[in-house]
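Note sheet for the following structure.
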Amino acid sequence: MQSSPSVPSTSGRRFRVRDLSSHYDAPTFDLVFHDTENGVERHSEAVWSSKEEAALEAERLDAAQLRPVHWEVCRQKSGNLLNF
C-alpha cells in the first residue's frame, strides 16, 4: 500500500483552501486565489470533498504558476465580501 502524499497546510500565498461544508450537507472545499495584481480574491469553480484533495490541486496550480483570473471574484482586498 502506498503512503499518501504529504499535504501542505498552505499552498504558498497565492492559493488557500476554503471550507464550505457549513453551506452543504457534506464536506465541501474550494480554492481561493489571491489575485494581488487586480486586488481581489477569486474562488474556484470546482469543489472537492476533502481538504487534502483541494490542497493538492492548489499545489498543482501554484507549481504551474497559473493565474486563474477567470474565476469569479469573491472578495475585494478591501475586505468587502462579494460571495460566500
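Ordered as shown in the C-alpha cells, chains take letters A, B, and onward, while each chain numbers its residues from 1 and ligands are numbered from 1 in the order shown.
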
List as CSV every residue of stretch 31-69 of chain A that is in contact with stretch 13-24 of chain A, defined as an atom at most 7 Å from one of its atoms (using only C-alpha atoms), together with the nearest atom pair and the distance in Å rounded to one decimal, sorted by chain and then rising number.
residue,atom,partner,partner_atom,distance
A:Leu31,CA,A:Val17,CA,4.7
A:Val32,CA,A:Arg16,CA,5.3
A:Phe33,CA,A:Phe15,CA,4.6
A:His34,CA,A:Arg14,CA,4.9
A:Lys51,CA,A:Val17,CA,6.9
A:Ala54,CA,A:Val17,CA,6.3
A:Ala55,CA,A:Val17,CA,6.2
A:Ala58,CA,A:Phe15,CA,6.0

Write a file of the just-selected residues containing N, CA, C and O atoms, as an mmCIF file, in the first residue's frame.
data_model
loop_
_atom_site.group_PDB
_atom_site.id
_atom_site.type_symbol
_atom_site.label_atom_id
_atom_site.label_comp_id
_atom_site.auth_asym_id
_atom_site.auth_seq_id
_atom_site.Cartn_x
_atom_site.Cartn_y
_atom_site.Cartn_z
ATOM 1 N N LEU A 31 -11.130 26.486 -3.623
ATOM 2 C CA LEU A 31 -9.873 27.208 -3.522
ATOM 3 C C LEU A 31 -10.122 28.693 -3.678
ATOM 4 O O LEU A 31 -11.013 29.114 -4.419
ATOM 5 N N VAL A 32 -9.328 29.475 -2.994
ATOM 6 C CA VAL A 32 -9.347 30.919 -3.148
ATOM 7 C C VAL A 32 -7.976 31.323 -3.691
ATOM 8 O O VAL A 32 -6.945 30.927 -3.152
ATOM 9 N N PHE A 33 -8.003 32.097 -4.770
ATOM 10 C CA PHE A 33 -6.789 32.608 -5.398
ATOM 11 C C PHE A 33 -6.630 34.064 -4.996
ATOM 12 O O PHE A 33 -7.521 34.876 -5.199
ATOM 13 N N HIS A 34 -5.494 34.401 -4.434
ATOM 14 C CA HIS A 34 -5.197 35.783 -4.043
ATOM 15 C C HIS A 34 -4.620 36.496 -5.258
ATOM 16 O O HIS A 34 -3.430 36.385 -5.557
ATOM 17 N N LYS A 51 -10.310 18.288 2.210
ATOM 18 C CA LYS A 51 -9.333 19.374 2.273
ATOM 19 C C LYS A 51 -8.039 18.954 1.590
ATOM 20 O O LYS A 51 -7.384 19.758 0.918
ATOM 21 N N ALA A 54 -8.289 19.268 -2.233
ATOM 22 C CA ALA A 54 -8.237 20.682 -2.616
ATOM 23 C C ALA A 54 -6.821 21.233 -2.460
ATOM 24 O O ALA A 54 -6.336 21.977 -3.312
ATOM 25 N N ALA A 55 -6.127 20.850 -1.389
ATOM 26 C CA ALA A 55 -4.760 21.324 -1.156
ATOM 27 C C ALA A 55 -3.814 20.813 -2.240
ATOM 28 O O ALA A 55 -2.922 21.545 -2.691
ATOM 29 N N ALA A 58 -4.373 22.942 -5.244
ATOM 30 C CA ALA A 58 -3.758 24.248 -5.025
ATOM 31 C C ALA A 58 -2.258 24.176 -5.269
ATOM 32 O O ALA A 58 -1.675 25.065 -5.895
#

Within 7 Å of stretch 43-49 of chain A, counting only C-alpha atoms, which residues qualify if same-chain residues fewer than 2 places away don't, as a PyMOL selection string?
-> chain A and resi 27-33+41+53-54+71-74

For the residues selected in the previous step, produce a file with N, CA and C atoms as a PDB file, in the first residue's frame.
ATOM      1  N   PRO A  27     -18.869  17.307   3.450  1.00  0.00           N
ATOM      2  CA  PRO A  27     -17.610  18.055   3.394  1.00  0.00           C
ATOM      3  C   PRO A  27     -17.407  18.635   1.987  1.00  0.00           C
ATOM      4  N   THR A  28     -17.194  19.938   1.920  1.00  0.00           N
ATOM      5  CA  THR A  28     -17.061  20.625   0.636  1.00  0.00           C
ATOM      6  C   THR A  28     -16.010  21.719   0.771  1.00  0.00           C
ATOM      7  N   PHE A  29     -15.057  21.712  -0.162  1.00  0.00           N
ATOM      8  CA  PHE A  29     -13.958  22.667  -0.125  1.00  0.00           C
ATOM      9  C   PHE A  29     -13.739  23.241  -1.515  1.00  0.00           C
ATOM     10  N   ASP A  30     -13.364  24.506  -1.564  1.00  0.00           N
ATOM     11  CA  ASP A  30     -12.941  25.099  -2.822  1.00  0.00           C
ATOM     12  C   ASP A  30     -11.614  25.800  -2.594  1.00  0.00           C
ATOM     13  N   LEU A  31     -11.130  26.486  -3.623  1.00  0.00           N
ATOM     14  CA  LEU A  31      -9.873  27.208  -3.522  1.00  0.00           C
ATOM     15  C   LEU A  31     -10.122  28.693  -3.678  1.00  0.00           C
ATOM     16  N   VAL A  32      -9.328  29.475  -2.994  1.00  0.00           N
ATOM     17  CA  VAL A  32      -9.347  30.919  -3.148  1.00  0.00           C
ATOM     18  C   VAL A  32      -7.976  31.323  -3.691  1.00  0.00           C
ATOM     19  N   PHE A  33      -8.003  32.097  -4.770  1.00  0.00           N
ATOM     20  CA  PHE A  33      -6.789  32.608  -5.398  1.00  0.00           C
ATOM     21  C   PHE A  33      -6.630  34.064  -4.996  1.00  0.00           C
ATOM     22  N   GLU A  41      -9.793  38.603  -4.387  1.00  0.00           N
ATOM     23  CA  GLU A  41      -9.684  37.161  -4.184  1.00  0.00           C
ATOM     24  C   GLU A  41     -10.726  36.513  -5.076  1.00  0.00           C
ATOM     25  N   GLU A  53      -7.612  16.843  -0.980  1.00  0.00           N
ATOM     26  CA  GLU A  53      -7.740  16.919  -2.440  1.00  0.00           C
ATOM     27  C   GLU A  53      -7.622  18.360  -2.924  1.00  0.00           C
ATOM     28  N   ALA A  54      -8.289  19.268  -2.233  1.00  0.00           N
ATOM     29  CA  ALA A  54      -8.237  20.682  -2.616  1.00  0.00           C
ATOM     30  C   ALA A  54      -6.821  21.233  -2.460  1.00  0.00           C
ATOM     31  N   TRP A  71     -11.726  32.944 -12.672  1.00  0.00           N
ATOM     32  CA  TRP A  71     -12.561  32.581 -11.525  1.00  0.00           C
ATOM     33  C   TRP A  71     -13.320  33.814 -11.047  1.00  0.00           C
ATOM     34  N   GLU A  72     -14.502  33.592 -10.504  1.00  0.00           N
ATOM     35  CA  GLU A  72     -15.340  34.681 -10.021  1.00  0.00           C
ATOM     36  C   GLU A  72     -14.726  35.344  -8.790  1.00  0.00           C
ATOM     37  N   VAL A  73     -14.848  36.655  -8.734  1.00  0.00           N
ATOM     38  CA  VAL A  73     -14.343  37.405  -7.591  1.00  0.00           C
ATOM     39  C   VAL A  73     -15.242  37.154  -6.393  1.00  0.00           C
ATOM     40  N   CYS A  74     -14.629  36.827  -5.251  1.00  0.00           N
ATOM     41  CA  CYS A  74     -15.415  36.620  -4.039  1.00  0.00           C
ATOM     42  C   CYS A  74     -15.129  37.691  -2.986  1.00  0.00           C
TER      43      CYS A  74
END

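Note that atom CA of A:Val69 and atom CA of A:Asp35 are 7.4 Å apart.
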
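Straight-line separation from atom CA of A:Lys77 to atom CA of A:Gly39: 5.2 Å.
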
What is the distance between atom CA of A:Val40 and atom CA of A:Arg67, in Å to one decimal?
-> 12.3 Å

Mind the document's chain letters and residue numbers, and return as a count of residues only the residues of stretch 25-81 of chain A that DSSP labels alpha helix (DSSP H).
-> 13
